[in-house]
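Trainee: Just so it is clear, I am handing over query04.csv, which has CSV, N, CA and C atoms.
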```csv
chain,number,residue,atom,x,y,z
A,287,MET,N,12.3,2.1,-6.9
A,287,MET,CA,11.7,2.6,-5.7
A,287,MET,C,11.7,1.6,-4.6
A,288,GLN,N,12.2,1.9,-3.5
A,288,GLN,CA,12.3,0.9,-2.4
A,288,GLN,C,11.1,1.0,-1.5
A,289,LEU,N,10.7,-0.1,-1.0
A,289,LEU,CA,9.5,-0.2,0.0
A,289,LEU,C,10.0,0.5,1.2
A,290,ARG,N,9.1,1.4,1.8
A,290,ARG,CA,9.4,2.0,3.1
A,290,ARG,C,8.3,1.6,4.0
A,291,PRO,N,8.3,0.4,4.5
A,291,PRO,CA,7.2,-0.2,5.3
A,291,PRO,C,6.8,0.6,6.5
A,292,ALA,N,7.8,1.1,7.3
A,292,ALA,CA,7.4,1.7,8.6
A,292,ALA,C,6.6,3.0,8.3
A,293,VAL,N,7.1,3.8,7.3
A,293,VAL,CA,6.4,5.0,7.0
A,293,VAL,C,5.1,4.8,6.4
A,294,ALA,N,5.1,3.8,5.5
A,294,ALA,CA,3.8,3.5,4.8
A,294,ALA,C,2.8,2.9,5.7
A,295,VAL,N,3.2,2.1,6.6
A,295,VAL,CA,2.2,1.5,7.6
A,295,VAL,C,1.7,2.6,8.5
A,296,ALA,N,2.6,3.5,8.9
A,296,ALA,CA,2.2,4.6,9.8
A,296,ALA,C,1.1,5.5,9.0
A,297,SER,N,1.4,5.7,7.7
A,297,SER,CA,0.4,6.5,6.9
A,297,SER,C,-0.9,5.8,6.8
A,298,ALA,N,-0.8,4.5,6.6
A,298,ALA,CA,-2.1,3.7,6.5
A,298,ALA,C,-2.8,3.7,7.8
A,299,LEU,N,-2.1,3.6,8.9
A,299,LEU,CA,-2.8,3.6,10.2
A,299,LEU,C,-3.4,5.0,10.5
A,300,LEU,N,-2.7,6.0,10.1
A,300,LEU,CA,-3.3,7.4,10.3
A,300,LEU,C,-4.6,7.5,9.5
A,301,GLY,N,-4.6,7.0,8.3
A,301,GLY,CA,-5.8,7.0,7.5
A,301,GLY,C,-6.9,6.2,8.2
A,302,VAL,N,-6.6,5.0,8.8
A,302,VAL,CA,-7.6,4.2,9.4
A,302,VAL,C,-8.1,5.0,10.7
A,303,SER,N,-7.2,5.6,11.4
A,303,SER,CA,-7.7,6.4,12.6
A,303,SER,C,-8.6,7.5,12.2
A,304,ALA,N,-8.3,8.1,11.1
A,304,ALA,CA,-9.1,9.2,10.6
A,304,ALA,C,-10.5,8.7,10.2
A,305,LEU,N,-10.5,7.5,9.6
A,305,LEU,CA,-11.8,6.8,9.2
A,305,LEU,C,-12.6,6.5,10.5
A,306,LEU,N,-11.9,6.1,11.5
A,306,LEU,CA,-12.6,5.7,12.7
A,306,LEU,C,-13.2,7.0,13.5
A,307,THR,N,-12.5,8.1,13.4
A,307,THR,CA,-12.9,9.3,14.1
A,307,THR,C,-13.7,10.2,13.2
A,308,GLY,N,-13.6,10.0,11.9
A,308,GLY,CA,-14.3,10.9,10.9
A,308,GLY,C,-15.8,10.9,10.9
A,309,PRO,N,-16.4,9.7,10.9
A,309,PRO,CA,-17.8,9.6,10.7
A,309,PRO,C,-18.7,10.4,11.7
A,310,ALA,N,-18.2,10.5,12.9
A,310,ALA,CA,-19.0,11.2,13.9
A,310,ALA,C,-19.1,12.7,13.5
A,311,HIS,N,-18.0,13.2,13.1
A,311,HIS,CA,-17.9,14.6,12.6
A,311,HIS,C,-18.7,14.8,11.3
A,312,ALA,N,-18.6,13.8,10.4
A,312,ALA,CA,-19.3,13.8,9.2
A,312,ALA,C,-20.8,13.8,9.4
A,313,HIS,N,-21.3,13.1,10.3
A,313,HIS,CA,-22.7,13.0,10.6
A,313,HIS,C,-23.2,14.4,11.1
A,314,SER,N,-22.5,15.0,12.0
A,314,SER,CA,-22.9,16.3,12.6
A,314,SER,C,-22.9,17.3,11.5
A,315,THR,N,-21.9,17.3,10.6
A,315,THR,CA,-21.8,18.2,9.5
A,315,THR,C,-22.9,18.0,8.5
A,316,ALA,N,-23.1,16.7,8.2
A,316,ALA,CA,-24.1,16.3,7.2
A,316,ALA,C,-25.5,16.8,7.6
A,317,ALA,N,-25.8,16.8,8.9
A,317,ALA,CA,-27.1,17.2,9.3
A,317,ALA,C,-27.3,18.7,9.1
A,318,ALA,N,-26.2,19.4,9.3
A,318,ALA,CA,-26.3,20.9,9.1
A,318,ALA,C,-26.3,21.3,7.6
A,319,THR,N,-25.5,20.6,6.8
A,319,THR,CA,-25.4,20.9,5.4
A,319,THR,C,-25.4,19.7,4.6
A,320,PRO,N,-26.5,19.2,4.1
A,320,PRO,CA,-26.5,17.9,3.4
A,320,PRO,C,-25.7,18.0,2.1
A,321,SER,N,-25.0,17.0,1.8
A,321,SER,CA,-24.2,17.0,0.6
A,321,SER,C,-24.6,15.7,-0.3
A,322,HIS,N,-24.6,15.9,-1.5
A,322,HIS,CA,-25.0,14.8,-2.4
A,322,HIS,C,-23.7,14.4,-3.2
A,323,ALA,N,-22.6,15.0,-2.9
A,323,ALA,CA,-21.4,14.6,-3.6
A,323,ALA,C,-20.9,13.3,-3.1
A,324,PRO,N,-20.4,12.4,-4.1
A,324,PRO,CA,-19.9,11.1,-3.7
A,324,PRO,C,-18.6,11.2,-2.9
A,325,LEU,N,-18.3,10.3,-2.0
A,325,LEU,CA,-17.1,10.2,-1.4
A,325,LEU,C,-16.1,9.5,-2.3
A,326,VAL,N,-15.0,10.2,-2.6
A,326,VAL,CA,-14.0,9.6,-3.6
A,326,VAL,C,-12.8,9.1,-2.8
A,327,ILE,N,-12.5,7.8,-3.0
A,327,ILE,CA,-11.4,7.2,-2.2
A,327,ILE,C,-10.4,6.6,-3.2
A,328,GLY,N,-9.2,6.9,-3.1
A,328,GLY,CA,-8.1,6.4,-4.0
A,328,GLY,C,-7.8,5.0,-3.5
A,329,HIS,N,-8.1,4.0,-4.3
A,329,HIS,CA,-7.8,2.6,-3.9
A,329,HIS,C,-6.3,2.4,-4.2
A,330,ARG,N,-5.5,2.2,-3.2
A,330,ARG,CA,-4.1,2.0,-3.3
A,330,ARG,C,-3.4,3.3,-3.7
A,331,GLY,N,-4.0,4.4,-3.5
A,331,GLY,CA,-3.5,5.7,-3.9
A,331,GLY,C,-4.0,6.0,-5.3
A,332,SER,N,-3.0,6.4,-6.2
A,332,SER,CA,-3.3,6.6,-7.6
A,332,SER,C,-2.3,5.8,-8.4
A,333,PRO,N,-2.6,4.5,-8.5
A,333,PRO,CA,-1.7,3.5,-9.1
A,333,PRO,C,-1.4,3.8,-10.6
A,334,VAL,N,-2.2,4.7,-11.2
A,334,VAL,CA,-1.9,5.0,-12.6
A,334,VAL,C,-0.7,6.0,-12.7
A,335,SER,N,-0.5,6.7,-11.6
A,335,SER,CA,0.6,7.7,-11.5
A,335,SER,C,1.8,7.2,-10.9
A,336,ALA,N,1.7,6.3,-10.0
A,336,ALA,CA,2.9,5.8,-9.2
A,336,ALA,C,2.6,4.4,-8.7
A,337,PRO,N,3.6,3.7,-8.3
A,337,PRO,CA,3.4,2.3,-7.8
A,337,PRO,C,2.3,2.3,-6.7
A,338,GLU,N,1.4,1.3,-6.8
A,338,GLU,CA,0.3,1.3,-5.8
A,338,GLU,C,0.8,1.0,-4.4
A,339,ASN,N,0.0,1.5,-3.4
A,339,ASN,CA,0.3,1.3,-2.0
A,339,ASN,C,1.7,1.9,-1.6
A,340,THR,N,2.1,3.0,-2.3
A,340,THR,CA,3.4,3.7,-1.9
A,340,THR,C,3.1,5.1,-1.6
A,341,LEU,N,4.0,5.7,-0.9
A,341,LEU,CA,3.8,7.1,-0.5
A,341,LEU,C,3.7,8.0,-1.8
A,342,ALA,N,4.4,7.6,-2.8
A,342,ALA,CA,4.3,8.4,-4.1
A,342,ALA,C,2.9,8.3,-4.7
A,343,SER,N,2.3,7.1,-4.5
A,343,SER,CA,0.9,6.9,-5.0
A,343,SER,C,-0.1,7.7,-4.2
A,344,VAL,N,0.1,7.8,-2.9
A,344,VAL,CA,-0.7,8.6,-2.0
A,344,VAL,C,-0.6,10.1,-2.3
A,345,ASP,N,0.6,10.5,-2.5
A,345,ASP,CA,0.9,11.9,-2.9
A,345,ASP,C,0.2,12.2,-4.2
A,346,ALA,N,0.3,11.3,-5.2
A,346,ALA,CA,-0.4,11.6,-6.5
A,346,ALA,C,-1.9,11.7,-6.3
A,347,ALA,N,-2.4,10.8,-5.5
A,347,ALA,CA,-3.9,10.9,-5.2
A,347,ALA,C,-4.2,12.3,-4.6
A,348,ALA,N,-3.4,12.7,-3.7
A,348,ALA,CA,-3.7,14.0,-3.0
A,348,ALA,C,-3.6,15.2,-4.1
A,349,ARG,N,-2.7,15.1,-5.0
A,349,ARG,CA,-2.6,16.1,-6.1
A,349,ARG,C,-3.9,16.1,-7.0
A,350,LEU,N,-4.5,15.0,-7.0
A,350,LEU,CA,-5.7,14.8,-7.8
A,350,LEU,C,-7.0,15.3,-7.0
A,351,GLY,N,-6.8,15.7,-5.8
A,351,GLY,CA,-7.9,16.1,-4.9
A,351,GLY,C,-8.5,15.0,-4.1
A,352,ILE,N,-8.0,13.8,-4.1
A,352,ILE,CA,-8.5,12.7,-3.4
A,352,ILE,C,-8.1,12.9,-1.9
A,353,THR,N,-9.1,12.9,-1.0
A,353,THR,CA,-8.8,13.1,0.4
A,353,THR,C,-8.7,11.8,1.2
A,354,TRP,N,-9.1,10.7,0.7
A,354,TRP,CA,-9.0,9.4,1.4
A,354,TRP,C,-8.3,8.4,0.5
A,355,VAL,N,-7.4,7.6,1.1
A,355,VAL,CA,-6.8,6.5,0.4
A,355,VAL,C,-6.9,5.2,1.2
A,356,GLU,N,-7.3,4.2,0.5
A,356,GLU,CA,-7.4,2.9,1.1
A,356,GLU,C,-6.1,2.0,0.7
A,357,ASN,N,-5.4,1.6,1.7
A,357,ASN,CA,-4.2,0.7,1.5
A,357,ASN,C,-4.5,-0.7,2.1
A,358,ASP,N,-3.7,-1.6,1.6
A,358,ASP,CA,-3.8,-3.0,2.1
A,358,ASP,C,-2.5,-3.3,2.9
A,359,VAL,N,-2.6,-4.2,3.9
A,359,VAL,CA,-1.4,-4.5,4.7
A,359,VAL,C,-1.3,-6.0,4.8
A,360,GLN,N,0.0,-6.5,4.6
A,360,GLN,CA,0.3,-7.9,4.8
A,360,GLN,C,1.4,-8.1,5.8
A,361,ARG,N,1.5,-9.3,6.4
A,361,ARG,CA,2.5,-9.5,7.5
A,361,ARG,C,3.6,-10.4,6.9
A,362,THR,N,4.8,-10.0,7.2
A,362,THR,CA,6.0,-10.7,6.7
A,362,THR,C,6.3,-12.0,7.6
A,363,LYS,N,7.2,-12.8,7.2
A,363,LYS,CA,7.6,-14.0,8.0
A,363,LYS,C,8.0,-13.6,9.4
A,364,ASP,N,8.7,-12.5,9.6
A,364,ASP,CA,9.2,-12.1,10.9
A,364,ASP,C,8.2,-11.2,11.6
A,365,GLY,N,7.0,-11.1,11.1
A,365,GLY,CA,5.9,-10.4,11.8
A,365,GLY,C,5.8,-8.9,11.5
A,366,ALA,N,6.6,-8.4,10.6
A,366,ALA,CA,6.5,-7.0,10.3
A,366,ALA,C,5.3,-6.8,9.4
A,367,LEU,N,4.7,-5.5,9.4
A,367,LEU,CA,3.6,-5.2,8.5
A,367,LEU,C,4.2,-4.4,7.3
A,368,VAL,N,3.7,-4.8,6.1
A,368,VAL,CA,4.1,-4.0,4.9
A,368,VAL,C,2.8,-3.6,4.2
A,369,VAL,N,2.8,-2.5,3.6
A,369,VAL,CA,1.6,-2.0,2.8
A,369,VAL,C,1.7,-2.6,1.4
A,370,LEU,N,0.9,-3.6,1.1
A,370,LEU,CA,0.9,-4.3,-0.1
A,370,LEU,C,-0.5,-5.0,-0.3
A,371,HIS,N,-1.0,-4.9,-1.5
A,371,HIS,CA,-2.3,-5.5,-1.7
A,371,HIS,C,-2.3,-7.0,-1.8
A,372,ASP,N,-1.4,-7.5,-2.6
A,372,ASP,CA,-1.3,-9.0,-2.9
A,372,ASP,C,-0.7,-9.7,-1.8
A,373,THR,N,-1.0,-11.0,-1.7
A,373,THR,CA,-0.4,-11.9,-0.7
A,373,THR,C,1.0,-12.4,-1.2
A,374,THR,N,1.2,-12.1,-2.5
A,374,THR,CA,2.5,-12.5,-3.1
A,374,THR,C,3.2,-11.2,-3.6
A,375,LEU,N,4.5,-11.3,-3.8
A,375,LEU,CA,5.3,-10.2,-4.2
A,375,LEU,C,5.6,-10.1,-5.7
A,376,SER,N,5.1,-11.1,-6.5
A,376,SER,CA,5.5,-11.2,-7.9
A,376,SER,C,4.9,-10.1,-8.8
A,377,ARG,N,3.7,-9.7,-8.6
A,377,ARG,CA,3.1,-8.7,-9.5
A,377,ARG,C,3.7,-7.3,-9.3
A,378,THR,N,4.1,-6.9,-8.1
A,378,THR,CA,4.4,-5.5,-7.9
A,378,THR,C,5.9,-5.3,-7.6
A,379,THR,N,6.7,-6.3,-7.6
A,379,THR,CA,8.2,-6.2,-7.3
A,379,THR,C,9.0,-7.0,-8.2
A,380,ASP,N,10.3,-6.9,-8.1
A,380,ASP,CA,11.2,-7.7,-8.9
A,380,ASP,C,11.6,-9.0,-8.2
A,381,VAL,N,10.8,-9.6,-7.3
A,381,VAL,CA,11.1,-10.7,-6.5
A,381,VAL,C,11.5,-11.9,-7.3
A,382,GLU,N,10.9,-12.1,-8.5
A,382,GLU,CA,11.2,-13.3,-9.3
A,382,GLU,C,12.7,-13.3,-9.8
A,383,GLN,N,13.2,-12.1,-10.1
A,383,GLN,CA,14.6,-11.9,-10.5
A,383,GLN,C,15.5,-12.0,-9.3
A,384,ARG,N,15.1,-11.4,-8.2
A,384,ARG,CA,16.0,-11.4,-7.0
A,384,ARG,C,16.1,-12.7,-6.3
A,385,TYR,N,14.9,-13.4,-6.2
A,385,TYR,CA,14.8,-14.6,-5.4
A,385,TYR,C,14.1,-15.7,-6.3
A,386,PRO,N,14.8,-16.1,-7.4
A,386,PRO,CA,14.1,-16.9,-8.4
A,386,PRO,C,13.7,-18.3,-7.9
A,387,ASN,N,14.3,-18.8,-6.9
A,387,ASN,CA,14.0,-20.2,-6.4
A,387,ASN,C,13.1,-20.2,-5.2
A,388,ARG,N,12.3,-19.1,-5.0
A,388,ARG,CA,11.5,-19.0,-3.8
A,388,ARG,C,10.0,-19.0,-4.2
A,389,SER,N,9.6,-19.4,-5.3
A,389,SER,CA,8.2,-19.4,-5.8
A,389,SER,C,7.3,-20.1,-4.7
A,390,PRO,N,6.2,-19.7,-4.5
A,390,PRO,CA,5.3,-18.7,-5.1
A,390,PRO,C,5.5,-17.2,-4.6
A,391,TRP,N,6.5,-16.9,-3.9
A,391,TRP,CA,6.9,-15.6,-3.5
A,391,TRP,C,5.8,-14.9,-2.6
A,392,ARG,N,5.3,-15.7,-1.7
A,392,ARG,CA,4.3,-15.1,-0.7
A,392,ARG,C,5.0,-14.2,0.3
A,393,VAL,N,4.4,-13.1,0.6
A,393,VAL,CA,4.9,-12.1,1.5
A,393,VAL,C,5.2,-12.8,2.8
A,394,ALA,N,4.4,-13.7,3.3
A,394,ALA,CA,4.5,-14.4,4.6
A,394,ALA,C,5.8,-15.3,4.6
A,395,ASP,N,6.4,-15.5,3.4
A,395,ASP,CA,7.6,-16.4,3.4
A,395,ASP,C,8.9,-15.6,3.4
A,396,PHE,N,8.8,-14.3,3.4
A,396,PHE,CA,10.0,-13.4,3.3
A,396,PHE,C,10.1,-12.6,4.6
A,397,THR,N,11.3,-12.3,5.0
A,397,THR,CA,11.5,-11.4,6.2
A,397,THR,C,11.4,-9.9,5.7
A,398,LEU,N,11.2,-9.0,6.6
A,398,LEU,CA,11.2,-7.6,6.2
A,398,LEU,C,12.5,-7.2,5.5
A,399,ALA,N,13.6,-7.6,6.0
A,399,ALA,CA,14.9,-7.3,5.4
A,399,ALA,C,15.0,-7.8,3.9
A,400,GLU,N,14.5,-8.9,3.7
A,400,GLU,CA,14.5,-9.4,2.3
A,400,GLU,C,13.5,-8.6,1.4
A,401,ILE,N,12.4,-8.2,1.9
A,401,ILE,CA,11.4,-7.5,1.1
A,401,ILE,C,12.0,-6.0,0.9
A,402,GLU,N,12.7,-5.5,1.8
A,402,GLU,CA,13.3,-4.2,1.7
A,402,GLU,C,14.3,-4.1,0.5
A,403,ARG,N,14.8,-5.3,0.1
A,403,ARG,CA,15.8,-5.3,-1.0
A,403,ARG,C,15.1,-5.3,-2.3
A,404,LEU,N,13.8,-5.4,-2.4
A,404,LEU,CA,13.1,-5.5,-3.7
A,404,LEU,C,12.9,-4.1,-4.3
A,405,ASP,N,12.7,-4.1,-5.6
A,405,ASP,CA,12.4,-2.9,-6.3
A,405,ASP,C,10.8,-3.0,-6.5
A,406,ALA,N,10.2,-2.0,-6.0
A,406,ALA,CA,8.7,-2.0,-6.0
A,406,ALA,C,8.2,-0.9,-6.9
A,407,GLY,N,8.9,-0.6,-8.0
A,407,GLY,CA,8.3,0.4,-8.9
A,407,GLY,C,9.2,1.4,-9.5
A,408,SER,N,10.5,1.2,-9.6
A,408,SER,CA,11.4,2.2,-10.2
A,408,SER,C,11.1,2.4,-11.6
A,409,TRP,N,10.4,1.4,-12.3
A,409,TRP,CA,10.1,1.5,-13.7
A,409,TRP,C,9.1,2.6,-13.9
A,410,TYR,N,8.5,3.2,-12.9
A,410,TYR,CA,7.6,4.3,-13.1
A,410,TYR,C,8.4,5.6,-13.3
A,411,GLY,N,9.7,5.6,-13.1
A,411,GLY,CA,10.5,6.7,-13.3
A,411,GLY,C,10.7,7.5,-12.0
```
Here is a file; write its structure as structure tokens.
Mentor:
Amino acid sequence: MQLRPAVAVASALLGVSALLTGPAHAHSTAAATPSHAPLVIGHRGSPVSAPENTLASVDAAARLGITWVENDVQRTKDGALVVLHDTTLSRTTDVEQRYPNRSPWRVADFTLAEIERLDAGSWYG
């Protein structure tokens, strides 16, 4: 699975804008019909079903009935934003095999073009 940073960042930003505009509506609705149901948020989507912080993970969370997803964003060496929890690429990509001499594999030490070459979860199938 290849990282799709532009689409993923746009999705994350849409979620953030919904969070920023949602509470005013939620308060007016809550006053009319109180709810005791907990707010369920998919942290990084549904990482049990698909690679975390990917569109596939967000889609999996939606299929589970999750309406909110929290993603994390990191900045690359050339200033691009990528949706990734860790500050390093080693846990969630094949960076150690592709760039073995660039340890500790910090996101901030790689350009967007380099990160786009990484495999971020094809092992999920």
Trainee: Which residues, written as a VMD selection string, have at least one atom at most 7 Å from Ile352 of chain A, with only N, CA and C atoms counted and residues fewer than 4 positions away on the same chain left out?
Mentor: chain A and resid 326 to 328 346 to 348
Trainee: Find the distance between atom CA of Val393 of chain A and atom CA of Thr374 of chain A and write it in Å to one decimal.
Mentor: 5.2 Å
Trainee: Just give me the gap between atom CA of Pro324 of chain A and atom N of Thr353 of chain A in Å, one decimal is fine.
Mentor: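 Value for the atom CA of Pro324 of chain A-atom N of Thr353 of chain A distance: 11.3 Å.
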Trainee: Quote the spacing between atom CA of Leu350 of chain A and atom CA of Arg330 of chain A in Å to one decimal place.
Mentor: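 Computed distance, atom CA of Leu350 of chain A to atom CA of Arg330 of chain A, equals 13.7 Å.
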Trainee: Point out the residue among A:Gly365, A:Ser376, A:Trp354, A:Gly407 with the least atom-to-atom distance to Pro333 of chain A, counting only C-alpha atoms.
Mentor: A:Gly407
Trainee: Neighbours of Leu375 of chain A within 6.5 Å (only N, CA and C atoms; same-chain residues fewer than 2 positions away dropped), as a tab-separated table (two decimals) with N, CA and C atoms, in the frame of the given file?
Mentor:
```
chain	number	residue	atom	x	y	z
A	372	ASP	N	-1.40	-7.50	-2.60
A	372	ASP	CA	-1.30	-9.00	-2.90
A	372	ASP	C	-0.70	-9.70	-1.80
A	373	THR	N	-1.00	-11.00	-1.70
A	373	THR	CA	-0.40	-11.90	-0.70
A	373	THR	C	1.00	-12.40	-1.20
A	377	ARG	N	3.70	-9.70	-8.60
A	377	ARG	CA	3.10	-8.70	-9.50
A	377	ARG	C	3.70	-7.30	-9.30
A	378	THR	N	4.10	-6.90	-8.10
A	378	THR	CA	4.40	-5.50	-7.90
A	378	THR	C	5.90	-5.30	-7.60
A	379	THR	N	6.70	-6.30	-7.60
A	379	THR	CA	8.20	-6.20	-7.30
A	379	THR	C	9.00	-7.00	-8.20
A	380	ASP	N	10.30	-6.90	-8.10
A	380	ASP	CA	11.20	-7.70	-8.90
A	380	ASP	C	11.60	-9.00	-8.20
A	381	VAL	N	10.80	-9.60	-7.30
A	381	VAL	CA	11.10	-10.70	-6.50
A	381	VAL	C	11.50	-11.90	-7.30
A	382	GLU	N	10.90	-12.10	-8.50
A	382	GLU	CA	11.20	-13.30	-9.30
A	382	GLU	C	12.70	-13.30	-9.80
A	390	PRO	N	6.20	-19.70	-4.50
A	390	PRO	CA	5.30	-18.70	-5.10
A	390	PRO	C	5.50	-17.20	-4.60
A	391	TRP	N	6.50	-16.90	-3.90
A	391	TRP	CA	6.90	-15.60	-3.50
A	391	TRP	C	5.80	-14.90	-2.60
A	392	ARG	N	5.30	-15.70	-1.70
A	392	ARG	CA	4.30	-15.10	-0.70
A	392	ARG	C	5.00	-14.20	0.30
A	393	VAL	N	4.40	-13.10	0.60
A	393	VAL	CA	4.90	-12.10	1.50
A	393	VAL	C	5.20	-12.80	2.80
```
Trainee: If you count only N, CA and C atoms, which residues fall within 8 Å of Lys363 of chain A, apart from same-chain ones fewer than 3 positions away, as a list in words?
Mentor: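 So, after excluding close chain neighbours, the residues are Gln360, Ala366, Arg392, Val393, Ala394, Asp395, Phe396, Thr397 and Leu398 of chain A.
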Trainee: Can I get the selected residues back with N, CA and C atoms, as a short mmCIF file (atom, residue, chain, number, x, y, z; two decimals), in the coordinates of the input?
Mentor:
```cif
data_model
loop_
_atom_site.label_atom_id
_atom_site.label_comp_id
_atom_site.auth_asym_id
_atom_site.auth_seq_id
_atom_site.Cartn_x
_atom_site.Cartn_y
_atom_site.Cartn_z
N GLN A 360 0.00 -6.50 4.60
CA GLN A 360 0.30 -7.90 4.80
C GLN A 360 1.40 -8.10 5.80
N ALA A 366 6.60 -8.40 10.60
CA ALA A 366 6.50 -7.00 10.30
C ALA A 366 5.30 -6.80 9.40
N ARG A 392 5.30 -15.70 -1.70
CA ARG A 392 4.30 -15.10 -0.70
C ARG A 392 5.00 -14.20 0.30
N VAL A 393 4.40 -13.10 0.60
CA VAL A 393 4.90 -12.10 1.50
C VAL A 393 5.20 -12.80 2.80
N ALA A 394 4.40 -13.70 3.30
CA ALA A 394 4.50 -14.40 4.60
C ALA A 394 5.80 -15.30 4.60
N ASP A 395 6.40 -15.50 3.40
CA ASP A 395 7.60 -16.40 3.40
C ASP A 395 8.90 -15.60 3.40
N PHE A 396 8.80 -14.30 3.40
CA PHE A 396 10.00 -13.40 3.30
C PHE A 396 10.10 -12.60 4.60
N THR A 397 11.30 -12.30 5.00
CA THR A 397 11.50 -11.40 6.20
C THR A 397 11.40 -9.90 5.70
N LEU A 398 11.20 -9.00 6.60
CA LEU A 398 11.20 -7.60 6.20
C LEU A 398 12.50 -7.20 5.50
#
```
Trainee: From the list A:Ser389, A:Ser335, A:Asn357, A:Ser408, which residue is nearest Leu370 of chain A when using only N, CA and C atoms?
Mentor: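 Among A:Ser389, A:Ser335, A:Asn357, A:Ser408, it is A:Asn357 that comes nearest to Leu370 of chain A.
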Trainee: I need the residue nearest Val369 of chain A from this list: A:Thr340, A:Ala323, A:Val334, A:Ala399. Use all atoms listed in the file for the distance.
Mentor: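 Closest to Val369 of chain A of all the choices is A:Thr340.
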Trainee: Looking only at the backbone, which of the residues in segment 361-400 of chain A does DSSP tag as strand (DSSP E), as a list in words?
Mentor: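 In segment 361-400 of chain A, DSSP puts these residues in strand (DSSP E): Arg361, Leu367, Val368 and Val369 of chain A.
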Trainee: Generate all heavy atoms for segment 341-346 of chain A and emit them as a compact mmCIF listing (two decimals), in the frame of the given file.
Mentor:
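part-v6.txt, freshly written:
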```txt
# COMPACT_ATOMS: atom_id res chain seq x y z
N LEU A 341 4.00 5.70 -0.90
CA LEU A 341 3.80 7.10 -0.50
C LEU A 341 3.70 8.00 -1.80
O LEU A 341 2.91 8.96 -1.81
CB LEU A 341 4.94 7.63 0.36
CG LEU A 341 4.99 6.97 1.74
CD1 LEU A 341 6.24 7.43 2.49
CD2 LEU A 341 3.75 7.30 2.54
N ALA A 342 4.40 7.60 -2.80
CA ALA A 342 4.30 8.40 -4.10
C ALA A 342 2.90 8.30 -4.70
O ALA A 342 2.35 9.26 -5.19
CB ALA A 342 5.32 7.84 -5.11
N SER A 343 2.30 7.10 -4.50
CA SER A 343 0.90 6.90 -5.00
C SER A 343 -0.10 7.70 -4.20
O SER A 343 -1.05 8.33 -4.69
CB SER A 343 0.55 5.45 -4.99
OG SER A 343 -0.68 5.21 -5.60
N VAL A 344 0.10 7.80 -2.90
CA VAL A 344 -0.70 8.60 -2.00
C VAL A 344 -0.60 10.10 -2.30
O VAL A 344 -1.58 10.79 -2.40
CB VAL A 344 -0.40 8.29 -0.50
CG1 VAL A 344 -1.12 9.26 0.43
CG2 VAL A 344 -0.74 6.85 -0.14
N ASP A 345 0.60 10.50 -2.50
CA ASP A 345 0.90 11.90 -2.90
C ASP A 345 0.20 12.20 -4.20
O ASP A 345 -0.37 13.32 -4.38
CB ASP A 345 2.38 12.19 -2.97
CG ASP A 345 3.06 12.17 -1.62
OD1 ASP A 345 2.36 12.26 -0.59
OD2 ASP A 345 4.31 12.06 -1.59
N ALA A 346 0.30 11.30 -5.20
CA ALA A 346 -0.40 11.60 -6.50
C ALA A 346 -1.90 11.70 -6.30
O ALA A 346 -2.50 12.52 -6.96
CB ALA A 346 0.01 10.43 -7.45
```
